[in-house]
Every structure is written in C-alpha cells, then in structure tokens.
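Listing of coords_3.pdb, PDB, C-alpha atoms, pLDDT in the B column
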```pdb
ATOM      1  CA  VAL P   1      19.385  12.370  15.890  1.00 58.00           C
ATOM      2  CA  CYS P   2      16.159  10.389  16.211  1.00 56.00           C
ATOM      3  CA  ARG P   3      13.667  11.477  18.846  1.00 61.00           C
ATOM      4  CA  ASP P   4       9.975  10.746  19.088  1.00 59.00           C
ATOM      5  CA  HIS P   5       7.760  13.610  17.806  1.00 56.00           C
ATOM      6  CA  TRP P   6      10.726  15.842  17.021  1.00 54.00           C
ATOM      7  CA  GLY P   7      11.066  18.186  14.073  1.00 49.00           C
ATOM      8  CA  PHE P   8       7.607  18.787  12.620  1.00 48.00           C
ATOM      9  CA  GLY P   9       6.901  22.261  11.365  1.00 49.00           C
ATOM     10  CA  GLY P  10       5.771  24.518   8.549  1.00 50.00           C
ATOM     11  CA  HIS P  11       3.415  23.478   5.779  1.00 47.00           C
ATOM     12  CA  ARG P  12       5.672  20.908   4.153  1.00 52.00           C
ATOM     13  CA  GLU P  13       5.289  17.162   4.495  1.00 59.00           C
ATOM     14  CA  PRO P  14       6.088  16.252   8.140  1.00 69.00           C
ATOM     15  CA  THR P  15       9.796  15.602   8.612  1.00 75.00           C
ATOM     16  CA  SER P  16      12.452  15.429  11.312  1.00 81.00           C
ATOM     17  CA  PRO P  17      16.255  15.321  11.596  1.00 84.00           C
ATOM     18  CA  GLY P  18      15.996  11.520  11.804  1.00 86.00           C
ATOM     19  CA  LYS P  19      13.985  11.252   8.612  1.00 88.00           C
ATOM     20  CA  GLU P  20      16.297  13.642   6.778  1.00 89.00           C
ATOM     21  CA  ALA P  21      19.287  11.619   8.005  1.00 91.00           C
ATOM     22  CA  ALA P  22      17.704   8.492   6.484  1.00 93.00           C
ATOM     23  CA  VAL P  23      17.263  10.307   3.174  1.00 92.00           C
ATOM     24  CA  ALA P  24      20.881  11.470   3.249  1.00 94.00           C
ATOM     25  CA  LEU P  25      22.155   7.963   3.997  1.00 94.00           C
ATOM     26  CA  ALA P  26      20.115   6.549   1.117  1.00 94.00           C
ATOM     27  CA  ASP P  27      21.541   9.229  -1.181  1.00 94.00           C
ATOM     28  CA  ILE P  28      25.057   8.175  -0.210  1.00 95.00           C
ATOM     29  CA  GLY P  29      24.279   4.717  -1.553  1.00 95.00           C
ATOM     30  CA  ARG P  30      25.485   1.215  -0.764  1.00 94.00           C
ATOM     31  CA  ALA P  31      28.022   2.400   1.815  1.00 96.00           C
ATOM     32  CA  SER P  32      25.049   3.204   4.059  1.00 96.00           C
ATOM     33  CA  LEU P  33      23.607  -0.310   4.006  1.00 97.00           C
ATOM     34  CA  LYS P  34      25.355  -1.638   7.132  1.00 97.00           C
ATOM     35  CA  PRO P  35      24.692   1.472   9.266  1.00 96.00           C
ATOM     36  CA  LEU P  36      21.022   1.432   8.292  1.00 97.00           C
ATOM     37  CA  LEU P  37      20.723  -2.277   9.057  1.00 97.00           C
ATOM     38  CA  ALA P  38      22.324  -1.667  12.451  1.00 97.00           C
ATOM     39  CA  ALA P  39      19.892   1.185  13.147  1.00 95.00           C
ATOM     40  CA  LEU P  40      17.028  -1.153  12.289  1.00 96.00           C
ATOM     41  CA  GLU P  41      17.793  -3.011  15.530  1.00 96.00           C
ATOM     42  CA  SER P  42      18.461   0.028  17.725  1.00 92.00           C
ATOM     43  CA  ASN P  43      16.596   2.169  20.240  1.00 91.00           C
ATOM     44  CA  PRO P  44      14.638   4.410  20.366  1.00 90.00           C
ATOM     45  CA  TRP P  45      11.908   2.932  18.159  1.00 94.00           C
ATOM     46  CA  VAL P  46      11.813   6.024  15.957  1.00 92.00           C
ATOM     47  CA  ALA P  47      15.374   5.188  14.857  1.00 93.00           C
ATOM     48  CA  ARG P  48      14.122   1.799  13.654  1.00 96.00           C
ATOM     49  CA  LYS P  49      11.324   3.528  11.786  1.00 95.00           C
ATOM     50  CA  HIS P  50      13.682   5.931  10.018  1.00 95.00           C
ATOM     51  CA  ALA P  51      16.132   3.116   9.269  1.00 96.00           C
ATOM     52  CA  ALA P  52      13.337   1.199   7.530  1.00 98.00           C
ATOM     53  CA  PHE P  53      12.534   4.345   5.546  1.00 97.00           C
ATOM     54  CA  GLY P  54      16.167   4.702   4.475  1.00 97.00           C
ATOM     55  CA  LEU P  55      16.405   1.035   3.500  1.00 98.00           C
ATOM     56  CA  GLY P  56      13.306   1.397   1.360  1.00 97.00           C
ATOM     57  CA  LEU P  57      14.869   4.341  -0.440  1.00 97.00           C
ATOM     58  CA  LEU P  58      18.111   2.419  -0.854  1.00 97.00           C
ATOM     59  CA  GLU P  59      16.296  -0.564  -2.442  1.00 97.00           C
ATOM     60  CA  ASP P  60      19.070  -3.028  -1.640  1.00 97.00           C
ATOM     61  CA  PRO P  61      17.937  -6.690  -1.684  1.00 97.00           C
ATOM     62  CA  GLN P  62      20.094  -7.448   1.370  1.00 98.00           C
ATOM     63  CA  ALA P  63      17.565  -5.528   3.448  1.00 98.00           C
ATOM     64  CA  LEU P  64      14.786  -7.983   2.586  1.00 98.00           C
ATOM     65  CA  ASP P  65      15.113 -10.395   5.524  1.00 98.00           C
ATOM     66  CA  PRO P  66      15.743  -7.703   8.165  1.00 98.00           C
ATOM     67  CA  LEU P  67      12.706  -5.736   6.988  1.00 98.00           C
ATOM     68  CA  MET P  68      10.505  -8.825   7.062  1.00 98.00           C
ATOM     69  CA  LYS P  69      11.677  -9.339  10.630  1.00 98.00           C
ATOM     70  CA  THR P  70      10.664  -5.809  11.650  1.00 98.00           C
ATOM     71  CA  LEU P  71       7.156  -6.457  10.339  1.00 98.00           C
ATOM     72  CA  GLY P  72       6.841  -8.037  13.777  1.00 97.00           C
ATOM     73  CA  ASP P  73       8.233  -5.036  15.675  1.00 98.00           C
ATOM     74  CA  GLU P  74       6.436  -4.080  18.892  1.00 97.00           C
ATOM     75  CA  VAL P  75       5.753  -0.561  17.588  1.00 96.00           C
ATOM     76  CA  GLY P  76       3.101  -0.078  14.923  1.00 97.00           C
ATOM     77  CA  GLU P  77       4.879   2.772  13.150  1.00 95.00           C
ATOM     78  CA  VAL P  78       7.952   0.584  12.650  1.00 97.00           C
ATOM     79  CA  ARG P  79       5.793  -2.173  11.155  1.00 98.00           C
ATOM     80  CA  GLN P  80       4.125   0.395   8.909  1.00 97.00           C
ATOM     81  CA  GLN P  81       7.434   1.757   7.605  1.00 97.00           C
ATOM     82  CA  SER P  82       8.862  -1.731   7.144  1.00 98.00           C
ATOM     83  CA  ALA P  83       5.883  -2.701   5.003  1.00 98.00           C
ATOM     84  CA  TRP P  84       6.412   0.399   2.864  1.00 98.00           C
ATOM     85  CA  ALA P  85      10.103  -0.427   2.473  1.00 98.00           C
ATOM     86  CA  LEU P  86       9.306  -3.967   1.344  1.00 98.00           C
ATOM     87  CA  GLY P  87       7.048  -2.504  -1.297  1.00 98.00           C
ATOM     88  CA  MET P  88       9.965  -0.436  -2.542  1.00 98.00           C
ATOM     89  CA  LEU P  89      12.082  -3.599  -2.813  1.00 98.00           C
ATOM     90  CA  GLU P  90       9.355  -5.317  -4.892  1.00 98.00           C
ATOM     91  CA  ASP P  91      10.559  -8.807  -3.984  1.00 98.00           C
ATOM     92  CA  ARG P  92       8.031 -11.653  -4.155  1.00 98.00           C
ATOM     93  CA  GLN P  93       9.684 -13.367  -1.210  1.00 98.00           C
ATOM     94  CA  SER P  94       7.975 -10.858   1.074  1.00 98.00           C
ATOM     95  CA  VAL P  95       4.434 -11.530  -0.188  1.00 98.00           C
ATOM     96  CA  ALA P  96       3.541 -14.080   2.503  1.00 98.00           C
ATOM     97  CA  ALA P  97       4.816 -11.865   5.327  1.00 98.00           C
ATOM     98  CA  LEU P  98       3.034  -8.788   3.966  1.00 98.00           C
ATOM     99  CA  SER P  99      -0.187 -10.764   3.514  1.00 98.00           C
ATOM    100  CA  GLU P 100      -0.066 -11.695   7.194  1.00 98.00           C
ATOM    101  CA  THR P 101       0.472  -8.038   8.105  1.00 98.00           C
ATOM    102  CA  LEU P 102      -2.853  -7.239   6.425  1.00 98.00           C
ATOM    103  CA  ALA P 103      -4.323  -8.461   9.720  1.00 98.00           C
ATOM    104  CA  ASP P 104      -2.136  -6.180  11.867  1.00 98.00           C
ATOM    105  CA  GLU P 105      -3.913  -4.381  14.715  1.00 98.00           C
ATOM    106  CA  TYR P 106      -2.430  -1.065  13.521  1.00 98.00           C
ATOM    107  CA  ALA P 107      -4.410   0.258  10.544  1.00 98.00           C
ATOM    108  CA  PRO P 108      -1.512   2.161   8.881  1.00 97.00           C
ATOM    109  CA  ALA P 109       0.515  -1.063   8.873  1.00 98.00           C
ATOM    110  CA  ARG P 110      -2.360  -2.823   7.099  1.00 98.00           C
ATOM    111  CA  LYS P 111      -2.643   0.031   4.619  1.00 98.00           C
ATOM    112  CA  HIS P 112       1.067   0.062   3.780  1.00 98.00           C
ATOM    113  CA  SER P 113       1.104  -3.718   3.470  1.00 98.00           C
ATOM    114  CA  ALA P 114      -1.676  -3.481   0.884  1.00 98.00           C
ATOM    115  CA  TRP P 115       0.290  -0.789  -0.955  1.00 98.00           C
ATOM    116  CA  ALA P 116       3.418  -2.959  -0.905  1.00 98.00           C
ATOM    117  CA  LEU P 117       1.557  -5.965  -2.282  1.00 98.00           C
ATOM    118  CA  GLY P 118       0.267  -3.788  -5.099  1.00 98.00           C
ATOM    119  CA  MET P 119       3.815  -2.720  -5.901  1.00 98.00           C
ATOM    120  CA  ILE P 120       5.007  -6.340  -5.978  1.00 98.00           C
ATOM    121  CA  GLU P 121       2.101  -7.394  -8.242  1.00 98.00           C
ATOM    122  CA  ASP P 122       2.061 -11.058  -7.218  1.00 98.00           C
ATOM    123  CA  PRO P 123      -1.270 -12.885  -7.847  1.00 98.00           C
ATOM    124  CA  SER P 124      -0.754 -15.012  -4.727  1.00 98.00           C
ATOM    125  CA  ALA P 125      -1.742 -11.944  -2.667  1.00 98.00           C
ATOM    126  CA  VAL P 126      -5.164 -11.573  -4.290  1.00 98.00           C
ATOM    127  CA  GLU P 127      -7.136 -13.696  -1.830  1.00 98.00           C
ATOM    128  CA  ALA P 128      -5.769 -11.831   1.180  1.00 98.00           C
ATOM    129  CA  LEU P 129      -6.362  -8.437  -0.441  1.00 98.00           C
ATOM    130  CA  VAL P 130      -9.952  -9.300  -1.351  1.00 98.00           C
ATOM    131  CA  THR P 131     -10.553 -10.113   2.303  1.00 98.00           C
ATOM    132  CA  VAL P 132      -9.183  -6.689   3.255  1.00 98.00           C
ATOM    133  CA  LEU P 133     -11.823  -5.049   1.052  1.00 98.00           C
ATOM    134  CA  ARG P 134     -14.029  -5.600   4.120  1.00 98.00           C
ATOM    135  CA  ASP P 135     -11.560  -4.013   6.574  1.00 98.00           C
ATOM    136  CA  GLU P 136     -13.047  -1.701   9.221  1.00 98.00           C
ATOM    137  CA  ASP P 137     -10.808   1.179   8.073  1.00 98.00           C
ATOM    138  CA  PRO P 138     -11.831   2.825   4.761  1.00 98.00           C
ATOM    139  CA  SER P 139      -8.260   3.874   3.951  1.00 98.00           C
ATOM    140  CA  VAL P 140      -7.198   0.222   4.154  1.00 98.00           C
ATOM    141  CA  ARG P 141     -10.108  -0.882   1.950  1.00 98.00           C
ATOM    142  CA  SER P 142      -9.229   1.807  -0.572  1.00 98.00           C
ATOM    143  CA  GLN P 143      -5.582   0.770  -0.671  1.00 98.00           C
ATOM    144  CA  ALA P 144      -6.530  -2.886  -1.094  1.00 98.00           C
ATOM    145  CA  ALA P 145      -8.699  -2.012  -4.099  1.00 98.00           C
ATOM    146  CA  TRP P 146      -5.796  -0.095  -5.629  1.00 98.00           C
ATOM    147  CA  ALA P 147      -3.454  -3.030  -5.025  1.00 98.00           C
ATOM    148  CA  LEU P 148      -5.831  -5.445  -6.738  1.00 98.00           C
ATOM    149  CA  GLY P 149      -5.906  -3.152  -9.738  1.00 98.00           C
ATOM    150  CA  MET P 150      -2.125  -3.202  -9.875  1.00 98.00           C
ATOM    151  CA  ILE P 151      -2.047  -7.005  -9.764  1.00 98.00           C
ATOM    152  CA  GLU P 152      -4.679  -7.282 -12.537  1.00 98.00           C
ATOM    153  CA  ASP P 153      -5.961 -10.745 -11.621  1.00 98.00           C
ATOM    154  CA  ARG P 154      -9.492 -11.785 -12.632  1.00 97.00           C
ATOM    155  CA  ALA P 155     -10.012 -13.580  -9.331  1.00 98.00           C
ATOM    156  CA  ALA P 156     -10.456 -10.157  -7.716  1.00 98.00           C
ATOM    157  CA  VAL P 157     -13.445  -9.154  -9.865  1.00 98.00           C
ATOM    158  CA  PRO P 158     -16.257 -10.378  -7.541  1.00 98.00           C
ATOM    159  CA  GLY P 159     -14.716  -8.707  -4.507  1.00 98.00           C
ATOM    160  CA  LEU P 160     -14.144  -5.449  -6.359  1.00 98.00           C
ATOM    161  CA  ALA P 161     -17.684  -5.517  -7.751  1.00 98.00           C
ATOM    162  CA  ALA P 162     -18.982  -5.774  -4.184  1.00 98.00           C
ATOM    163  CA  ALA P 163     -16.711  -2.882  -3.167  1.00 98.00           C
ATOM    164  CA  LEU P 164     -18.579  -0.652  -5.625  1.00 98.00           C
ATOM    165  CA  ASN P 165     -21.288  -0.583  -2.934  1.00 98.00           C
ATOM    166  CA  ASP P 166     -18.914   0.551  -0.182  1.00 98.00           C
ATOM    167  CA  ASP P 167     -20.001   3.436   2.057  1.00 97.00           C
ATOM    168  CA  THR P 168     -16.834   5.406   1.235  1.00 98.00           C
ATOM    169  CA  PRO P 169     -16.585   7.116  -2.198  1.00 98.00           C
ATOM    170  CA  LYS P 170     -12.791   6.672  -2.371  1.00 98.00           C
ATOM    171  CA  VAL P 171     -13.183   2.912  -1.983  1.00 98.00           C
ATOM    172  CA  ARG P 172     -15.837   2.803  -4.710  1.00 98.00           C
ATOM    173  CA  SER P 173     -13.673   4.923  -6.999  1.00 98.00           C
ATOM    174  CA  ASN P 174     -10.608   2.743  -6.505  1.00 98.00           C
ATOM    175  CA  ALA P 175     -12.676  -0.402  -7.012  1.00 98.00           C
ATOM    176  CA  ALA P 176     -13.938   0.979 -10.328  1.00 98.00           C
ATOM    177  CA  TRP P 177     -10.386   1.869 -11.363  1.00 98.00           C
ATOM    178  CA  ALA P 178      -9.190  -1.617 -10.429  1.00 98.00           C
ATOM    179  CA  LEU P 179     -11.922  -3.270 -12.490  1.00 98.00           C
ATOM    180  CA  GLY P 180     -10.828  -1.165 -15.435  1.00 97.00           C
ATOM    181  CA  MET P 181      -7.239  -2.267 -14.972  1.00 98.00           C
ATOM    182  CA  ILE P 182      -8.269  -5.935 -14.888  1.00 98.00           C
ATOM    183  CA  GLU P 183     -10.339  -5.502 -18.080  1.00 96.00           C
ATOM    184  CA  ASP P 184     -12.629  -8.461 -17.404  1.00 96.00           C
ATOM    185  CA  SER P 185     -16.191  -8.539 -18.767  1.00 95.00           C
ATOM    186  CA  GLY P 186     -17.401  -9.659 -15.348  1.00 95.00           C
ATOM    187  CA  GLY P 187     -17.015  -6.061 -14.241  1.00 96.00           C
ATOM    188  CA  VAL P 188     -19.322  -4.591 -16.873  1.00 96.00           C
ATOM    189  CA  GLU P 189     -22.642  -5.005 -15.063  1.00 96.00           C
ATOM    190  CA  PRO P 190     -21.544  -3.628 -11.667  1.00 97.00           C
ATOM    191  CA  LEU P 191     -19.683  -0.789 -13.372  1.00 97.00           C
ATOM    192  CA  ALA P 192     -22.765   0.086 -15.419  1.00 96.00           C
ATOM    193  CA  ARG P 193     -24.714   0.388 -12.163  1.00 96.00           C
ATOM    194  CA  ALA P 194     -21.915   2.558 -10.770  1.00 97.00           C
ATOM    195  CA  LEU P 195     -22.618   5.075 -13.543  1.00 96.00           C
ATOM    196  CA  ARG P 196     -25.582   6.091 -11.375  1.00 97.00           C
ATOM    197  CA  ASP P 197     -23.452   6.593  -8.244  1.00 97.00           C
ATOM    198  CA  ALA P 198     -24.169   9.731  -6.229  1.00 97.00           C
ATOM    199  CA  GLU P 199     -20.461  10.686  -6.313  1.00 97.00           C
ATOM    200  CA  PRO P 200     -19.260  12.258  -9.608  1.00 97.00           C
ATOM    201  CA  LYS P 201     -15.731  10.874  -9.260  1.00 97.00           C
ATOM    202  CA  VAL P 202     -17.091   7.344  -8.940  1.00 98.00           C
ATOM    203  CA  ARG P 203     -19.244   7.782 -12.042  1.00 97.00           C
ATOM    204  CA  ALA P 204     -16.276   9.133 -13.975  1.00 98.00           C
ATOM    205  CA  GLN P 205     -14.046   6.267 -12.875  1.00 98.00           C
ATOM    206  CA  ALA P 206     -16.713   3.713 -13.764  1.00 97.00           C
ATOM    207  CA  ALA P 207     -17.048   5.222 -17.253  1.00 97.00           C
ATOM    208  CA  TRP P 208     -13.274   5.069 -17.706  1.00 97.00           C
ATOM    209  CA  ALA P 209     -13.232   1.452 -16.568  1.00 97.00           C
ATOM    210  CA  LEU P 210     -15.964   0.459 -18.993  1.00 96.00           C
ATOM    211  CA  GLY P 211     -13.958   2.055 -21.772  1.00 95.00           C
ATOM    212  CA  MET P 212     -10.944  -0.003 -20.766  1.00 96.00           C
ATOM    213  CA  ILE P 213     -12.937  -3.245 -20.820  1.00 95.00           C
ATOM    214  CA  GLU P 214     -14.295  -2.499 -24.311  1.00 83.00           C
ATOM    215  CA  ASP P 215     -17.327  -4.749 -23.949  1.00 73.00           C
ATOM    216  CA  LYS P 216     -20.243  -3.867 -26.255  1.00 68.00           C
ATOM    217  CA  ALA P 217     -22.678  -4.907 -23.525  1.00 69.00           C
ATOM    218  CA  ALA P 218     -21.781  -1.673 -21.733  1.00 61.00           C
ATOM    219  CA  VAL P 219     -23.196   0.467 -24.555  1.00 59.00           C
ATOM    220  CA  SER P 220     -26.816  -0.441 -23.953  1.00 58.00           C
ATOM    221  CA  GLY P 221     -26.265  -0.664 -20.176  1.00 51.00           C
TER     222      GLY P 221
END
```

Could you render the structure from this file as structure tokens?
Amino acid sequence: VCRDHWGFGGHREPTSPGKEAAVALADIGRASLKPLLAALESNPWVARKHAAFGLGLLEDPQALDPLMKTLGDEVGEVRQQSAWALGMLEDRQSVAALSETLADEYAPARKHSAWALGMIEDPSAVEALVTVLRDEDPSVRSQAAWALGMIEDRAAVPGLAAALNDDTPKVRSNAAWALGMIEDSGGVEPLARALRDAEPKVRAQAAWALGMIEDKAAVSG
C-alpha cells in the first residue's frame, strides 16, 4: 500500500496508508519483524522508508544491522527514517554509523542522526556533534545542541558556549539548555552573557541553566 506522496490530508500529522500499515505491524509485535525486514529491501523507496519507521516502533535489536545498512540508501528520506529508527533502538553499536551520517548531503538525515545520537547518549559522539553545531542548516545545529545536552559530557561545553552566539534563537536556546544539563562551571560566563539576549526564550533558558549549574559566580554576573 506504499506509494510516493499518497495519503496526506486534513490537519493531522501527515500520514498515509503505508505509514499506518507500519504502525499496525509494529502493534502486532515480534511476528512482524521478518515482513518489515523484507520490506526494508523492497521497492518503491517509500516502502523502505515506512519499513524503517515500523522497525523503529518495534524496537527489536535484530533490526540494528539492517537499519545501519539503509543509512546508505540512495534516497534521503529512507536514510532519515533509518537514523530515527536507530535512535529508537538506543544501541551504542550504531554510534559510528550515525556519526558518519551527520555529514549526509540530506539535511533531515543529519538532523535525525543527531537526534538518534542524543537518544543513545554515548560520549564517543560528542566530537562529531560539536562539529555539527556549525552545520549550514539551523534545524541540524539545534538538534545537535539538544543531543549534546542529552549526553551531558563536559567536552561539549566550549562548542555549546560558542553556539550561544548563533544567528538562530532556537539554536541559542537549545545550547543554553544543554549547558544546564551538563552542569559545568565553564558554562557560567557565556550563560551570564546570554541573559542579555534579545530573545526572551533564550534569556529564560540561560537563567534556568545557571540555576542548574549552581555556581555562585553567576549571582554577581
């Protein structure tokens, strides 16, 4: 039932018969694993995309290797959905493959790879994610900042401090949140400066982050 651009309507989240079929198969449970894995290698490409979605919902570790393979699919939307599914599996074995996908030519694939790495919370992804804080796409930069906050590794502090000067408010806000999650005193000075940000949400997030760090130096700052 999978066809490209089929089944979008109304004001709900975009869906299609293929996507709903993937949800139904995941709801059935483990009996759907083999059919979904088979669909992951089928045509048209939208069937592979929906199969990756279903495998992510199913969260079966046997899907790990096939999903890492489809990170190299010829279609960007399949790579994007595969990255999301690997995030749902939360297996550290996929960290290297997802880190490589942070350089994918398709921005949504980069974004979902950053999200997946945040879900897995492996410190070995920090260096790659810090690099992505300079991505050309603001949604990717924002997701990378969020992921670094989830991982909570101090090595990310300098990169996140620099991201507080990003042109996009959402990136600055997520960077402030991430610094609060890491709770390192190295974030106090840049967060104190962020209290003067032109965007109210950034100022609020910076104040929250300073409260999380609990460094007395922030009081006078």

Enclosing box along x, y and z for every listed atom of region 32-47 of chain P, padded 5 Å each side, centre and size in Å, one decimal, as JSON:
```
{"center_x": 18.6, "center_y": 1.5, "center_z": 12.2, "size_x": 23.5, "size_y": 19.0, "size_z": 26.4}
```

(request) Please write the residues picked by the PyMOL selection byres ((chain P and resi 82-84) around 7) on this file as a count of residues only. (result) 17

Residue IDs satisfying the PyMOL selection byres ((chain P and resi 121) around 9), as a PDB file with C-alpha atoms, keeping the file's coordinate frame:
```
ATOM      1  CA  GLU P  90       9.355  -5.317  -4.892  1.00 98.00           C
ATOM      2  CA  ARG P  92       8.031 -11.653  -4.155  1.00 98.00           C
ATOM      3  CA  ALA P 116       3.418  -2.959  -0.905  1.00 98.00           C
ATOM      4  CA  LEU P 117       1.557  -5.965  -2.282  1.00 98.00           C
ATOM      5  CA  GLY P 118       0.267  -3.788  -5.099  1.00 98.00           C
ATOM      6  CA  MET P 119       3.815  -2.720  -5.901  1.00 98.00           C
ATOM      7  CA  ILE P 120       5.007  -6.340  -5.978  1.00 98.00           C
ATOM      8  CA  ASP P 122       2.061 -11.058  -7.218  1.00 98.00           C
ATOM      9  CA  PRO P 123      -1.270 -12.885  -7.847  1.00 98.00           C
ATOM     10  CA  SER P 124      -0.754 -15.012  -4.727  1.00 98.00           C
ATOM     11  CA  ALA P 125      -1.742 -11.944  -2.667  1.00 98.00           C
ATOM     12  CA  ALA P 147      -3.454  -3.030  -5.025  1.00 98.00           C
ATOM     13  CA  LEU P 148      -5.831  -5.445  -6.738  1.00 98.00           C
ATOM     14  CA  MET P 150      -2.125  -3.202  -9.875  1.00 98.00           C
ATOM     15  CA  ILE P 151      -2.047  -7.005  -9.764  1.00 98.00           C
ATOM     16  CA  GLU P 152      -4.679  -7.282 -12.537  1.00 98.00           C
TER      17      GLU P 152
END
```

(request) State, in Å with one decimal place, the distance from CA of Glu189 (chain P) to CA of Gln143 (chain P). (result)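 The value is 23.1 Å.
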
(message) Once the PyMOL selection byres ((chain P and resi 53) around 9) has been evaluated on this model, what residues remain selected, and can you format them as number ranges by chain?
(response) P: 19, 22-23, 48-52, 54-58, 81-82, 84-85

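CA of Val95 (chain P) is positioned 25.9 Å from CA of Pro35 (chain P).
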
(message) Please determine, counting only C-alpha atoms, which residue among P:Asp166, P:Asp197, P:Asp153, P:Glu59 has the shortest atom-to-atom distance to Ala178 (chain P).
(response)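 So, comparing all the options, the nearest one is P:Asp153.
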